[in-house]
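**Student:** Input file: entry.cif. Contents: mmCIF, C-alpha atoms, pLDDT in the B column; chains and numbers go by the auth columns.
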```cif
data_final
loop_
_atom_site.group_PDB
_atom_site.id
_atom_site.type_symbol
_atom_site.label_atom_id
_atom_site.label_comp_id
_atom_site.label_asym_id
_atom_site.label_seq_id
_atom_site.Cartn_x
_atom_site.Cartn_y
_atom_site.Cartn_z
_atom_site.B_iso_or_equiv
_atom_site.auth_seq_id
_atom_site.auth_asym_id
ATOM 1 C CA MET A 1 -158.588 77.202 -50.942 94.00 58 I
ATOM 2 C CA LYS A 2 -157.228 74.221 -49.014 97.00 59 I
ATOM 3 C CA ILE A 3 -153.751 72.902 -49.626 98.00 60 I
ATOM 4 C CA ARG A 4 -151.545 70.326 -47.969 98.00 61 I
ATOM 5 C CA LEU A 5 -148.109 71.530 -46.895 98.00 62 I
ATOM 6 C CA LEU A 6 -145.123 69.246 -46.363 98.00 63 I
ATOM 7 C CA TYR A 7 -141.761 70.136 -44.818 98.00 64 I
ATOM 8 C CA PHE A 8 -138.591 68.076 -44.853 98.00 65 I
ATOM 9 C CA ALA A 9 -135.217 67.769 -43.145 98.00 66 I
ATOM 10 C CA ARG A 10 -133.924 70.917 -41.414 97.00 67 I
ATOM 11 C CA LEU A 11 -137.134 72.844 -42.157 98.00 68 I
ATOM 12 C CA ARG A 12 -139.331 70.038 -40.783 98.00 69 I
ATOM 13 C CA GLU A 13 -137.368 70.201 -37.518 97.00 70 I
ATOM 14 C CA LEU A 14 -137.341 73.999 -37.300 97.00 71 I
ATOM 15 C CA PHE A 15 -141.050 74.329 -38.096 98.00 72 I
ATOM 16 C CA GLY A 16 -141.827 71.571 -35.599 98.00 73 I
ATOM 17 C CA THR A 17 -144.041 69.635 -38.022 98.00 74 I
ATOM 18 C CA GLY A 18 -143.739 67.542 -41.170 98.00 75 I
ATOM 19 C CA SER A 19 -147.115 68.393 -42.606 98.00 76 I
ATOM 20 C CA GLU A 20 -150.228 70.479 -42.166 98.00 77 I
ATOM 21 C CA SER A 21 -153.419 71.240 -44.017 98.00 78 I
ATOM 22 C CA VAL A 22 -154.057 74.943 -44.419 98.00 79 I
ATOM 23 C CA ASP A 23 -156.879 77.084 -45.705 97.00 80 I
ATOM 24 C CA VAL A 24 -155.143 79.921 -47.520 97.00 81 I
ATOM 25 C CA PRO A 25 -156.738 83.295 -48.294 96.00 82 I
ATOM 26 C CA ASP A 26 -158.000 83.957 -51.844 93.00 83 I
ATOM 27 C CA GLU A 27 -155.108 86.257 -52.681 95.00 84 I
ATOM 28 C CA VAL A 28 -152.626 83.366 -52.360 97.00 85 I
ATOM 29 C CA ARG A 29 -152.326 82.156 -55.966 97.00 86 I
ATOM 30 C CA THR A 30 -148.633 81.359 -56.444 98.00 87 I
ATOM 31 C CA LEU A 31 -145.789 79.891 -54.411 98.00 88 I
ATOM 32 C CA ALA A 32 -144.445 83.421 -53.925 97.00 89 I
ATOM 33 C CA ASP A 33 -147.818 84.416 -52.397 98.00 90 I
ATOM 34 C CA LEU A 34 -147.754 81.322 -50.197 98.00 91 I
ATOM 35 C CA ILE A 35 -144.247 82.079 -48.938 98.00 92 I
ATOM 36 C CA ALA A 36 -145.281 85.667 -48.164 97.00 93 I
ATOM 37 C CA TRP A 37 -148.344 84.379 -46.301 98.00 94 I
ATOM 38 C CA LEU A 38 -146.379 81.791 -44.292 98.00 95 I
ATOM 39 C CA SER A 39 -143.778 84.447 -43.449 97.00 96 I
ATOM 40 C CA THR A 40 -146.440 86.450 -41.595 97.00 97 I
ATOM 41 C CA ARG A 41 -146.454 83.693 -38.964 97.00 98 I
ATOM 42 C CA GLY A 42 -143.282 85.243 -37.533 97.00 99 I
ATOM 43 C CA GLY A 43 -140.410 83.500 -35.712 97.00 100 I
ATOM 44 C CA VAL A 44 -138.722 80.648 -37.575 98.00 101 I
ATOM 45 C CA TRP A 45 -141.204 80.972 -40.456 98.00 102 I
ATOM 46 C CA THR A 46 -140.211 84.557 -41.203 97.00 103 I
ATOM 47 C CA GLU A 47 -136.553 83.760 -40.620 97.00 104 I
ATOM 48 C CA GLN A 48 -136.304 80.587 -42.729 97.00 105 I
ATOM 49 C CA LEU A 49 -138.419 81.838 -45.635 97.00 106 I
ATOM 50 C CA ALA A 50 -136.770 85.274 -45.848 95.00 107 I
ATOM 51 C CA PRO A 51 -135.373 86.388 -49.222 91.00 108 I
ATOM 52 C CA GLY A 52 -131.912 84.938 -49.794 91.00 109 I
ATOM 53 C CA ARG A 53 -132.519 81.814 -47.686 93.00 110 I
ATOM 54 C CA ALA A 54 -131.832 78.580 -49.547 92.00 111 I
ATOM 55 C CA TYR A 55 -134.943 76.432 -49.873 96.00 112 I
ATOM 56 C CA ARG A 56 -136.669 74.559 -52.669 96.00 113 I
ATOM 57 C CA MET A 57 -140.314 73.907 -53.402 97.00 114 I
ATOM 58 C CA ALA A 58 -142.420 71.319 -55.161 98.00 115 I
ATOM 59 C CA VAL A 59 -146.055 71.378 -56.256 98.00 116 I
ATOM 60 C CA ASN A 60 -147.692 67.955 -56.504 98.00 117 I
ATOM 61 C CA GLN A 61 -144.242 66.332 -56.314 98.00 118 I
ATOM 62 C CA ASP A 62 -142.612 68.308 -59.128 96.00 119 I
ATOM 63 C CA MET A 63 -139.949 70.924 -58.419 95.00 120 I
ATOM 64 C CA ALA A 64 -141.458 74.374 -58.921 96.00 121 I
ATOM 65 C CA GLY A 65 -140.344 78.010 -58.864 96.00 122 I
ATOM 66 C CA LEU A 66 -141.855 80.931 -56.960 96.00 123 I
ATOM 67 C CA GLU A 67 -143.969 81.850 -59.982 97.00 124 I
ATOM 68 C CA ALA A 68 -145.774 78.478 -59.989 98.00 125 I
ATOM 69 C CA ALA A 69 -149.540 78.609 -59.504 98.00 126 I
ATOM 70 C CA ILE A 70 -151.206 76.667 -56.716 97.00 127 I
ATOM 71 C CA ARG A 71 -154.716 75.268 -56.787 97.00 128 I
ATOM 72 C CA ASP A 72 -157.228 73.767 -54.413 97.00 129 I
ATOM 73 C CA ASN A 73 -156.069 70.435 -52.936 98.00 130 I
ATOM 74 C CA ASP A 74 -152.490 70.824 -54.175 98.00 131 I
ATOM 75 C CA GLU A 75 -149.642 69.205 -52.246 98.00 132 I
ATOM 76 C CA VAL A 76 -146.942 71.820 -51.714 98.00 133 I
ATOM 77 C CA ALA A 77 -143.575 70.880 -50.220 98.00 134 I
ATOM 78 C CA ILE A 78 -140.879 73.209 -48.884 98.00 135 I
ATOM 79 C CA PHE A 79 -137.422 71.787 -48.193 98.00 136 I
ATOM 80 C CA PRO A 80 -133.693 72.575 -48.073 97.00 137 I
ATOM 81 C CA PRO A 81 -131.493 72.021 -51.161 96.00 138 I
ATOM 82 C CA VAL A 82 -131.148 68.262 -51.603 97.00 139 I
ATOM 83 C CA THR A 83 -128.095 66.301 -50.417 96.00 140 I
ATOM 84 C CA GLY A 84 -128.556 62.706 -51.560 96.00 141 I
ATOM 85 C CA GLY A 85 -126.177 60.449 -53.436 93.00 142 I
ATOM 86 C CA MET B 1 -135.887 50.726 -65.669 97.00 112 Q
ATOM 87 C CA LYS B 2 -135.612 49.768 -62.040 98.00 113 Q
ATOM 88 C CA ILE B 3 -135.963 52.473 -59.394 98.00 114 Q
ATOM 89 C CA SER B 4 -135.861 51.611 -55.720 98.00 115 Q
ATOM 90 C CA VAL B 5 -135.710 53.691 -52.555 98.00 116 Q
ATOM 91 C CA GLN B 6 -135.139 51.285 -49.694 98.00 117 Q
ATOM 92 C CA THR B 7 -133.685 50.827 -46.222 98.00 118 Q
ATOM 93 C CA GLU B 8 -132.272 47.371 -47.018 98.00 119 Q
ATOM 94 C CA PRO B 9 -128.778 46.811 -48.474 97.00 120 Q
ATOM 95 C CA PHE B 10 -128.487 45.886 -52.159 98.00 121 Q
ATOM 96 C CA ASP B 11 -126.291 43.466 -54.087 98.00 122 Q
ATOM 97 C CA LEU B 12 -124.234 45.256 -56.762 97.00 123 Q
ATOM 98 C CA ASN B 13 -123.251 42.038 -58.533 97.00 124 Q
ATOM 99 C CA ALA B 14 -126.831 40.811 -58.731 98.00 125 Q
ATOM 100 C CA GLU B 15 -128.041 44.174 -60.025 98.00 126 Q
ATOM 101 C CA VAL B 16 -125.353 44.391 -62.703 98.00 127 Q
ATOM 102 C CA ALA B 17 -125.982 40.781 -63.749 98.00 128 Q
ATOM 103 C CA ALA B 18 -129.703 41.467 -64.063 98.00 129 Q
ATOM 104 C CA LEU B 19 -128.969 44.246 -66.575 98.00 130 Q
ATOM 105 C CA HIS B 20 -127.183 42.023 -69.099 98.00 131 Q
ATOM 106 C CA ARG B 21 -128.059 38.405 -68.286 97.00 132 Q
ATOM 107 C CA ASP B 22 -131.020 38.111 -70.652 94.00 133 Q
ATOM 108 C CA ASN B 23 -129.999 40.696 -73.237 96.00 134 Q
ATOM 109 C CA PRO B 24 -127.202 39.768 -75.693 97.00 135 Q
ATOM 110 C CA ALA B 25 -127.408 43.278 -77.213 98.00 136 Q
ATOM 111 C CA VAL B 26 -125.769 44.669 -74.069 98.00 137 Q
ATOM 112 C CA GLY B 27 -122.054 45.256 -74.608 98.00 138 Q
ATOM 113 C CA ALA B 28 -121.374 47.468 -71.610 98.00 139 Q
ATOM 114 C CA VAL B 29 -122.617 48.033 -68.089 98.00 140 Q
ATOM 115 C CA ALA B 30 -121.258 51.044 -66.186 98.00 141 Q
ATOM 116 C CA SER B 31 -122.017 51.251 -62.489 98.00 142 Q
ATOM 117 C CA PHE B 32 -121.476 53.839 -59.778 98.00 143 Q
ATOM 118 C CA LEU B 33 -121.505 52.851 -56.127 98.00 144 Q
ATOM 119 C CA GLY B 34 -121.750 55.626 -53.554 97.00 145 Q
ATOM 120 C CA VAL B 35 -120.472 54.699 -50.096 96.00 146 Q
ATOM 121 C CA THR B 36 -120.927 56.381 -46.703 93.00 147 Q
ATOM 122 C CA ARG B 37 -117.695 58.026 -45.532 88.00 148 Q
ATOM 123 C CA ASP B 38 -116.452 58.471 -41.985 87.00 149 Q
ATOM 124 C CA VAL B 39 -115.318 62.066 -42.441 79.00 150 Q
ATOM 125 C CA ASN B 40 -117.135 65.068 -43.898 78.00 151 Q
ATOM 126 C CA ALA B 41 -116.105 68.732 -43.704 71.00 152 Q
ATOM 127 C CA GLY B 42 -113.413 67.987 -41.135 73.00 153 Q
ATOM 128 C CA LEU B 43 -115.535 66.103 -38.614 74.00 154 Q
ATOM 129 C CA GLY B 44 -115.755 62.375 -37.958 83.00 155 Q
ATOM 130 C CA VAL B 45 -119.103 60.852 -38.859 78.00 156 Q
ATOM 131 C CA HIS B 46 -120.423 58.071 -36.613 86.00 157 Q
ATOM 132 C CA THR B 47 -123.710 57.443 -38.375 91.00 158 Q
ATOM 133 C CA MET B 48 -125.899 59.114 -40.915 93.00 159 Q
ATOM 134 C CA THR B 49 -129.633 59.217 -41.528 96.00 160 Q
ATOM 135 C CA LEU B 50 -131.138 59.684 -44.959 97.00 161 Q
ATOM 136 C CA GLU B 51 -134.534 61.362 -45.194 98.00 162 Q
ATOM 137 C CA HIS B 52 -136.571 61.473 -48.398 98.00 163 Q
ATOM 138 C CA TYR B 53 -139.891 62.633 -49.798 98.00 164 Q
ATOM 139 C CA PRO B 54 -141.832 59.416 -50.419 98.00 165 Q
ATOM 140 C CA GLY B 55 -143.511 59.529 -53.799 97.00 166 Q
ATOM 141 C CA MET B 56 -141.637 62.524 -55.151 98.00 167 Q
ATOM 142 C CA THR B 57 -138.237 60.867 -54.746 98.00 168 Q
ATOM 143 C CA GLU B 58 -139.188 57.875 -56.911 98.00 169 Q
ATOM 144 C CA ARG B 59 -140.874 60.194 -59.394 98.00 170 Q
ATOM 145 C CA ALA B 60 -137.810 62.459 -59.615 98.00 171 Q
ATOM 146 C CA LEU B 61 -135.475 59.487 -60.147 98.00 172 Q
ATOM 147 C CA GLU B 62 -137.734 58.155 -62.886 98.00 173 Q
ATOM 148 C CA GLN B 63 -137.728 61.550 -64.627 98.00 174 Q
ATOM 149 C CA ILE B 64 -133.923 61.693 -64.454 98.00 175 Q
ATOM 150 C CA VAL B 65 -133.616 58.230 -66.032 98.00 176 Q
ATOM 151 C CA ARG B 66 -136.159 59.161 -68.731 98.00 177 Q
ATOM 152 C CA GLU B 67 -134.086 62.251 -69.494 98.00 178 Q
ATOM 153 C CA ALA B 68 -130.951 60.077 -69.810 98.00 179 Q
ATOM 154 C CA GLU B 69 -132.845 57.756 -72.154 98.00 180 Q
ATOM 155 C CA THR B 70 -133.580 60.665 -74.481 98.00 181 Q
ATOM 156 C CA ARG B 71 -129.856 61.549 -74.636 98.00 182 Q
ATOM 157 C CA TRP B 72 -128.293 58.104 -75.049 98.00 183 Q
ATOM 158 C CA HIS B 73 -129.432 54.778 -76.422 98.00 184 Q
ATOM 159 C CA LEU B 74 -129.674 52.719 -73.250 98.00 185 Q
ATOM 160 C CA LEU B 75 -130.585 49.075 -72.801 98.00 186 Q
ATOM 161 C CA GLY B 76 -131.415 49.169 -69.104 98.00 187 Q
ATOM 162 C CA VAL B 77 -130.976 51.375 -66.030 98.00 188 Q
ATOM 163 C CA THR B 78 -131.083 50.553 -62.324 98.00 189 Q
ATOM 164 C CA VAL B 79 -131.090 53.199 -59.611 98.00 190 Q
ATOM 165 C CA ILE B 80 -131.181 52.122 -55.960 98.00 191 Q
ATOM 166 C CA HIS B 81 -130.890 54.645 -53.141 98.00 192 Q
ATOM 167 C CA ARG B 82 -130.955 53.715 -49.492 98.00 193 Q
ATOM 168 C CA VAL B 83 -132.709 55.742 -46.799 98.00 194 Q
ATOM 169 C CA GLY B 84 -132.782 55.548 -43.012 97.00 195 Q
ATOM 170 C CA PRO B 85 -129.757 54.998 -40.754 96.00 196 Q
ATOM 171 C CA LEU B 86 -126.384 54.243 -42.400 96.00 197 Q
ATOM 172 C CA CYS B 87 -122.866 53.719 -41.057 94.00 198 Q
ATOM 173 C CA PRO B 88 -119.467 54.499 -42.608 92.00 199 Q
ATOM 174 C CA THR B 89 -118.579 51.929 -45.309 92.00 200 Q
ATOM 175 C CA ASP B 90 -122.283 51.204 -45.989 96.00 201 Q
ATOM 176 C CA PRO B 91 -123.180 51.456 -49.674 97.00 202 Q
ATOM 177 C CA ILE B 92 -125.760 54.216 -50.109 97.00 203 Q
ATOM 178 C CA VAL B 93 -126.506 54.541 -53.824 98.00 204 Q
ATOM 179 C CA LEU B 94 -126.147 52.420 -56.939 98.00 205 Q
ATOM 180 C CA VAL B 95 -126.577 53.619 -60.515 98.00 206 Q
ATOM 181 C CA ALA B 96 -126.013 50.965 -63.175 98.00 207 Q
ATOM 182 C CA VAL B 97 -126.501 51.590 -66.892 98.00 208 Q
ATOM 183 C CA ALA B 98 -126.468 49.060 -69.733 98.00 209 Q
ATOM 184 C CA SER B 99 -125.843 49.964 -73.368 98.00 210 Q
ATOM 185 C CA ALA B 100 -124.312 48.520 -76.524 98.00 211 Q
ATOM 186 C CA HIS B 101 -121.014 50.403 -76.127 97.00 212 Q
ATOM 187 C CA ARG B 102 -119.096 51.789 -73.169 98.00 213 Q
ATOM 188 C CA GLN B 103 -119.276 55.488 -73.973 98.00 214 Q
ATOM 189 C CA GLU B 104 -123.054 55.689 -73.629 98.00 215 Q
ATOM 190 C CA ALA B 105 -123.032 53.699 -70.396 98.00 216 Q
ATOM 191 C CA PHE B 106 -120.245 55.820 -68.828 98.00 217 Q
ATOM 192 C CA GLN B 107 -121.838 59.123 -69.795 98.00 218 Q
ATOM 193 C CA ALA B 108 -125.388 58.208 -68.823 98.00 219 Q
ATOM 194 C CA CYS B 109 -124.220 56.859 -65.450 98.00 220 Q
ATOM 195 C CA GLU B 110 -122.429 60.114 -64.664 98.00 221 Q
ATOM 196 C CA PHE B 111 -125.354 62.199 -65.904 98.00 222 Q
ATOM 197 C CA ILE B 112 -127.829 60.302 -63.708 98.00 223 Q
ATOM 198 C CA MET B 113 -125.629 60.748 -60.615 98.00 224 Q
ATOM 199 C CA ASP B 114 -125.108 64.459 -61.294 97.00 225 Q
ATOM 200 C CA TYR B 115 -128.843 65.029 -61.677 97.00 226 Q
ATOM 201 C CA LEU B 116 -129.694 62.833 -58.685 98.00 227 Q
ATOM 202 C CA LYS B 117 -127.409 64.994 -56.523 96.00 228 Q
ATOM 203 C CA THR B 118 -129.321 68.174 -57.355 94.00 229 Q
ATOM 204 C CA ARG B 119 -132.877 67.049 -58.175 96.00 230 Q
ATOM 205 C CA ALA B 120 -133.846 64.001 -56.146 98.00 231 Q
ATOM 206 C CA PRO B 121 -135.279 64.897 -52.730 98.00 232 Q
ATOM 207 C CA PHE B 122 -132.940 63.211 -50.259 98.00 233 Q
ATOM 208 C CA TRP B 123 -131.369 64.863 -47.223 98.00 234 Q
ATOM 209 C CA LYS B 124 -128.446 63.620 -45.135 96.00 235 Q
ATOM 210 C CA LYS B 125 -128.141 64.168 -41.424 96.00 236 Q
ATOM 211 C CA GLU B 126 -124.835 63.249 -39.793 93.00 237 Q
ATOM 212 C CA VAL B 127 -124.069 62.322 -36.218 88.00 238 Q
ATOM 213 C CA THR B 128 -120.589 63.644 -35.368 86.00 239 Q
ATOM 214 C CA PRO B 129 -118.665 64.060 -32.094 85.00 240 Q
ATOM 215 C CA ALA B 130 -119.953 67.665 -32.130 85.00 241 Q
ATOM 216 C CA GLY B 131 -123.581 66.527 -32.370 89.00 242 Q
ATOM 217 C CA GLU B 132 -126.093 66.109 -35.154 92.00 243 Q
ATOM 218 C CA ARG B 133 -125.994 68.257 -38.259 92.00 244 Q
ATOM 219 C CA TRP B 134 -127.792 68.436 -41.575 95.00 245 Q
ATOM 220 C CA VAL B 135 -125.409 68.220 -44.501 93.00 246 Q
ATOM 221 C CA ASP B 136 -125.306 71.375 -46.623 91.00 247 Q
ATOM 222 C CA ALA B 137 -125.711 71.184 -50.391 89.00 248 Q
ATOM 223 C CA ARG B 138 -122.451 71.737 -52.276 87.00 249 Q
ATOM 224 C CA ASP B 139 -122.043 74.303 -55.020 85.00 250 Q
ATOM 225 C CA SER B 140 -119.854 71.805 -56.895 88.00 251 Q
ATOM 226 C CA ASP B 141 -122.863 69.486 -57.249 88.00 252 Q
ATOM 227 C CA GLY B 142 -124.825 72.252 -58.960 85.00 253 Q
ATOM 228 C CA THR B 143 -121.867 72.926 -61.259 87.00 254 Q
ATOM 229 C CA ALA B 144 -121.587 69.214 -62.110 88.00 255 Q
ATOM 230 C CA ALA B 145 -125.270 69.047 -63.092 90.00 256 Q
ATOM 231 C CA GLU B 146 -125.111 72.285 -65.110 89.00 257 Q
ATOM 232 C CA ARG B 147 -122.409 71.031 -67.458 90.00 258 Q
ATOM 233 C CA TRP B 148 -124.947 68.660 -69.044 91.00 259 Q
ATOM 234 C CA GLN B 149 -127.161 71.553 -70.039 85.00 260 Q
ATOM 235 C CA THR B 150 -125.048 72.716 -72.954 68.00 261 Q
#
```
Show me, as structure tokens, the structure contained in the file I just sent.
**Tutor:**
Amino acid sequence: MKIRLLYFARLRELFGTGSESVDVPDEVRTLADLIAWLSTRGGVWTEQLAPGRAYRMAVNQDMAGLEAAIRDNDEVAIFPPVTGG
Amino acid sequence: MKISVQTEPFDLNAEVAALHRDNPAVGAVASFLGVTRDVNAGLGVHTMTLEHYPGMTERALEQIVREAETRWHLLGVTVIHRVGPLCPTDPIVLVAVASAHRQEAFQACEFIMDYLKTRAPFWKKEVTPAGERWVDARDSDGTAAERWQT
């Protein structure tokens, strides 16, 4: 399954990229699975996505929780809590 | 409904006028203007940069306004949020709400700002004498948004 990943703000800087296209293994079906998979990259990925770290996610531009399902060609974004206004 | 995410400045008077000029049913326009400050969390702020998630930001703002429209009878809403580099005293956000009576306009304006603070994907980065830093989300913003959920 191919998905497009987007990162913003502090996470974009720490991960060293704003976007990437990834081919995730079949067992990655939810955002929780995706986070677990990304965490295996080690370094800042493991550190920033560890349990208890504050980040938010969106699937196809709607805020989504860890239980949200992801499908082929989805746009998934990971970003810090928002600070606009 | 007018939603705009833009780098350019906006004209508060023109935006407020546009909400009531052609609609004699409007009896009230409440507006909130957010302005860039020169101090945050004890440090001086020279400049600030606003990052956003193009596409999702506009979509999130539209959803927030739609939600307000289900709670109050509104006759027009304008939300303008600037992105990119900003300096202290620069206006950053405008929420203006038109309705028949003041109470609806006041409440909806506050509701939209509270939800914008916690749901619209914008991020502030400040340049201070100690260097650059991303602004942390405030717990009080989450509390402000939650009070509308009762």
**Student:** Could you check which of Q:His184, Q:Arg249, Q:His212, Q:His157 is closest to chain I, using only C-alpha atoms?
**Tutor:**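 Residue with the minimum atom-to-atom distance to chain I: Q:Arg249.
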**Student:** Got a sec to pull out which chain I residues are within 7 Å of chain Q, counting all atoms listed in the file, and send them as an MDAnalysis selection string?
**Tutor:** chainID I and resid 66:67 118 138:142
**Student:** What's the separation between atom CA of Ile127 of chain I and atom CA of Arg113 of chain I, in Å to one decimal place?
**Tutor:**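 Taking atom CA of Ile127 of chain I and atom CA of Arg113 of chain I, their separation equals 15.2 Å.
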**Student:** What is the atom CA of Gly73 of chain I-atom CA of Gln105 of chain I distance in Å, reported with one decimal?
**Tutor:**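 Answer for the atom CA of Gly73 of chain I to atom CA of Gln105 of chain I separation: 12.8 Å.
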**Student:** On this structure, the PyMOL selection byres ((chain I and resi 94) around 12) would catch which residues? List them as a list in words, sorted by chain and number.
**Tutor:**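 So the PyMOL selection byres ((chain I and resi 94) around 12), applied here, picks out Val79, Asp80, Val81, Pro82, Asp83, Glu84, Val85, Arg86, Thr87, Leu88, Ala89, Asp90, Leu91, Ile92, Ala93, Leu95, Ser96, Thr97, Arg98, Gly99, Trp102, Thr103, Leu106 and Ala107 of chain I.
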**Student:** Output the selection as a compact mmCIF listing (two decimals), in the frame of the given file - C-alpha atoms for each residue.
**Tutor:**
```txt
# COMPACT_ATOMS: atom_id res chain seq x y z
CA VAL I 79 -154.06 74.94 -44.42
CA ASP I 80 -156.88 77.08 -45.70
CA VAL I 81 -155.14 79.92 -47.52
CA PRO I 82 -156.74 83.30 -48.29
CA ASP I 83 -158.00 83.96 -51.84
CA GLU I 84 -155.11 86.26 -52.68
CA VAL I 85 -152.63 83.37 -52.36
CA ARG I 86 -152.33 82.16 -55.97
CA THR I 87 -148.63 81.36 -56.44
CA LEU I 88 -145.79 79.89 -54.41
CA ALA I 89 -144.44 83.42 -53.92
CA ASP I 90 -147.82 84.42 -52.40
CA LEU I 91 -147.75 81.32 -50.20
CA ILE I 92 -144.25 82.08 -48.94
CA ALA I 93 -145.28 85.67 -48.16
CA LEU I 95 -146.38 81.79 -44.29
CA SER I 96 -143.78 84.45 -43.45
CA THR I 97 -146.44 86.45 -41.60
CA ARG I 98 -146.45 83.69 -38.96
CA GLY I 99 -143.28 85.24 -37.53
CA TRP I 102 -141.20 80.97 -40.46
CA THR I 103 -140.21 84.56 -41.20
CA LEU I 106 -138.42 81.84 -45.64
CA ALA I 107 -136.77 85.27 -45.85
```
**Student:** Using all atoms listed in the file, which of Q:Ser251, Q:Thr160, Q:Gln117, Q:Ser210 sits nearest Pro196 of chain Q?
**Tutor:**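 Of Q:Ser251, Q:Thr160, Q:Gln117, Q:Ser210, the one nearest Pro196 of chain Q is Q:Thr160, counting all atoms listed in the file.
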**Student:** Counting all atoms listed in the file, find the residues whose atoms lie at most 12 Å from (-128.7, 45.0, -72.4) (file coordinates) and write them out as a VMD selection string.
**Tutor:** chain Q and resid 112 127 to 141 184 to 189 207 to 213 216
**Student:** Which residues match the PyMOL selection byres ((chain Q and resi 154) around 10) in the file above, as a PDB file with C-alpha atoms, in the frame of the given file?
**Tutor:**
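Final output, expr29.pdb:
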```
ATOM      1  CA  ASP Q 149    -116.452  58.471 -41.985  1.00 87.00           C
ATOM      2  CA  VAL Q 150    -115.318  62.066 -42.441  1.00 79.00           C
ATOM      3  CA  ASN Q 151    -117.135  65.068 -43.898  1.00 78.00           C
ATOM      4  CA  ALA Q 152    -116.105  68.732 -43.704  1.00 71.00           C
ATOM      5  CA  GLY Q 153    -113.413  67.987 -41.135  1.00 73.00           C
ATOM      6  CA  GLY Q 155    -115.755  62.375 -37.958  1.00 83.00           C
ATOM      7  CA  VAL Q 156    -119.103  60.852 -38.859  1.00 78.00           C
ATOM      8  CA  HIS Q 157    -120.423  58.071 -36.613  1.00 86.00           C
ATOM      9  CA  GLU Q 237    -124.835  63.249 -39.793  1.00 93.00           C
ATOM     10  CA  VAL Q 238    -124.069  62.322 -36.218  1.00 88.00           C
ATOM     11  CA  THR Q 239    -120.589  63.644 -35.368  1.00 86.00           C
ATOM     12  CA  PRO Q 240    -118.665  64.060 -32.094  1.00 85.00           C
ATOM     13  CA  ALA Q 241    -119.953  67.665 -32.130  1.00 85.00           C
TER      14      ALA Q 241
END
```
**Student:** One decimal, in Å: what's the spacing between atom CA of Ile135 of chain I and atom CA of Arg61 of chain I?
**Tutor:**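 Separating atom CA of Ile135 of chain I from atom CA of Arg61 of chain I is a distance of 11.1 Å.
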**Student:** Check which residues satisfy the PyMOL selection byres ((chain I and resi 132) around 8) in the file shown, then give them as a list of chain:residue names.
**Tutor:**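 On this input, the PyMOL selection byres ((chain I and resi 132) around 8) captures I:Ile60, I:Arg61, I:Leu62, I:Leu63, I:Val116, I:Asn117, I:Gln118, I:Asn130, I:Asp131, I:Val133, I:Ala134.
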**Student:** I want to know what sits within 12 Å of Arg182 of chain Q, based on all atoms listed in the file, with residues of the same chain fewer than 5 positions away left out; could you give that as a list of chain:residue names?
**Tutor:**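 Residues near the query, excluding close chain neighbours: Q:Ile175, Q:Val176, Q:Arg177, Q:Glu215, Q:Ala216, Q:Gln218, Q:Ala219, Q:Cys220, Q:Phe222, Q:Ile223, Q:Trp259, Q:Gln260.
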**Student:** Save out the residues we just selected, C-alpha atoms, as a tab-separated table (two decimals), in the coordinates of the input.
**Tutor:**
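The result, written out as result-v7.tsv:
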```tsv
chain	number	residue	atom	x	y	z
Q	175	ILE	CA	-133.92	61.69	-64.45
Q	176	VAL	CA	-133.62	58.23	-66.03
Q	177	ARG	CA	-136.16	59.16	-68.73
Q	215	GLU	CA	-123.05	55.69	-73.63
Q	216	ALA	CA	-123.03	53.70	-70.40
Q	218	GLN	CA	-121.84	59.12	-69.80
Q	219	ALA	CA	-125.39	58.21	-68.82
Q	220	CYS	CA	-124.22	56.86	-65.45
Q	222	PHE	CA	-125.35	62.20	-65.90
Q	223	ILE	CA	-127.83	60.30	-63.71
Q	259	TRP	CA	-124.95	68.66	-69.04
Q	260	GLN	CA	-127.16	71.55	-70.04
```
**Student:** Quick one: of Q:Trp183, Q:Ala256, Q:Thr118, Q:Asn124, who's nearest to Phe217 of chain Q, counting all atoms listed in the file?
**Tutor:**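 Between Q:Trp183, Q:Ala256, Q:Thr118, Q:Asn124, the residue approaching Phe217 of chain Q most closely is Q:Trp183.
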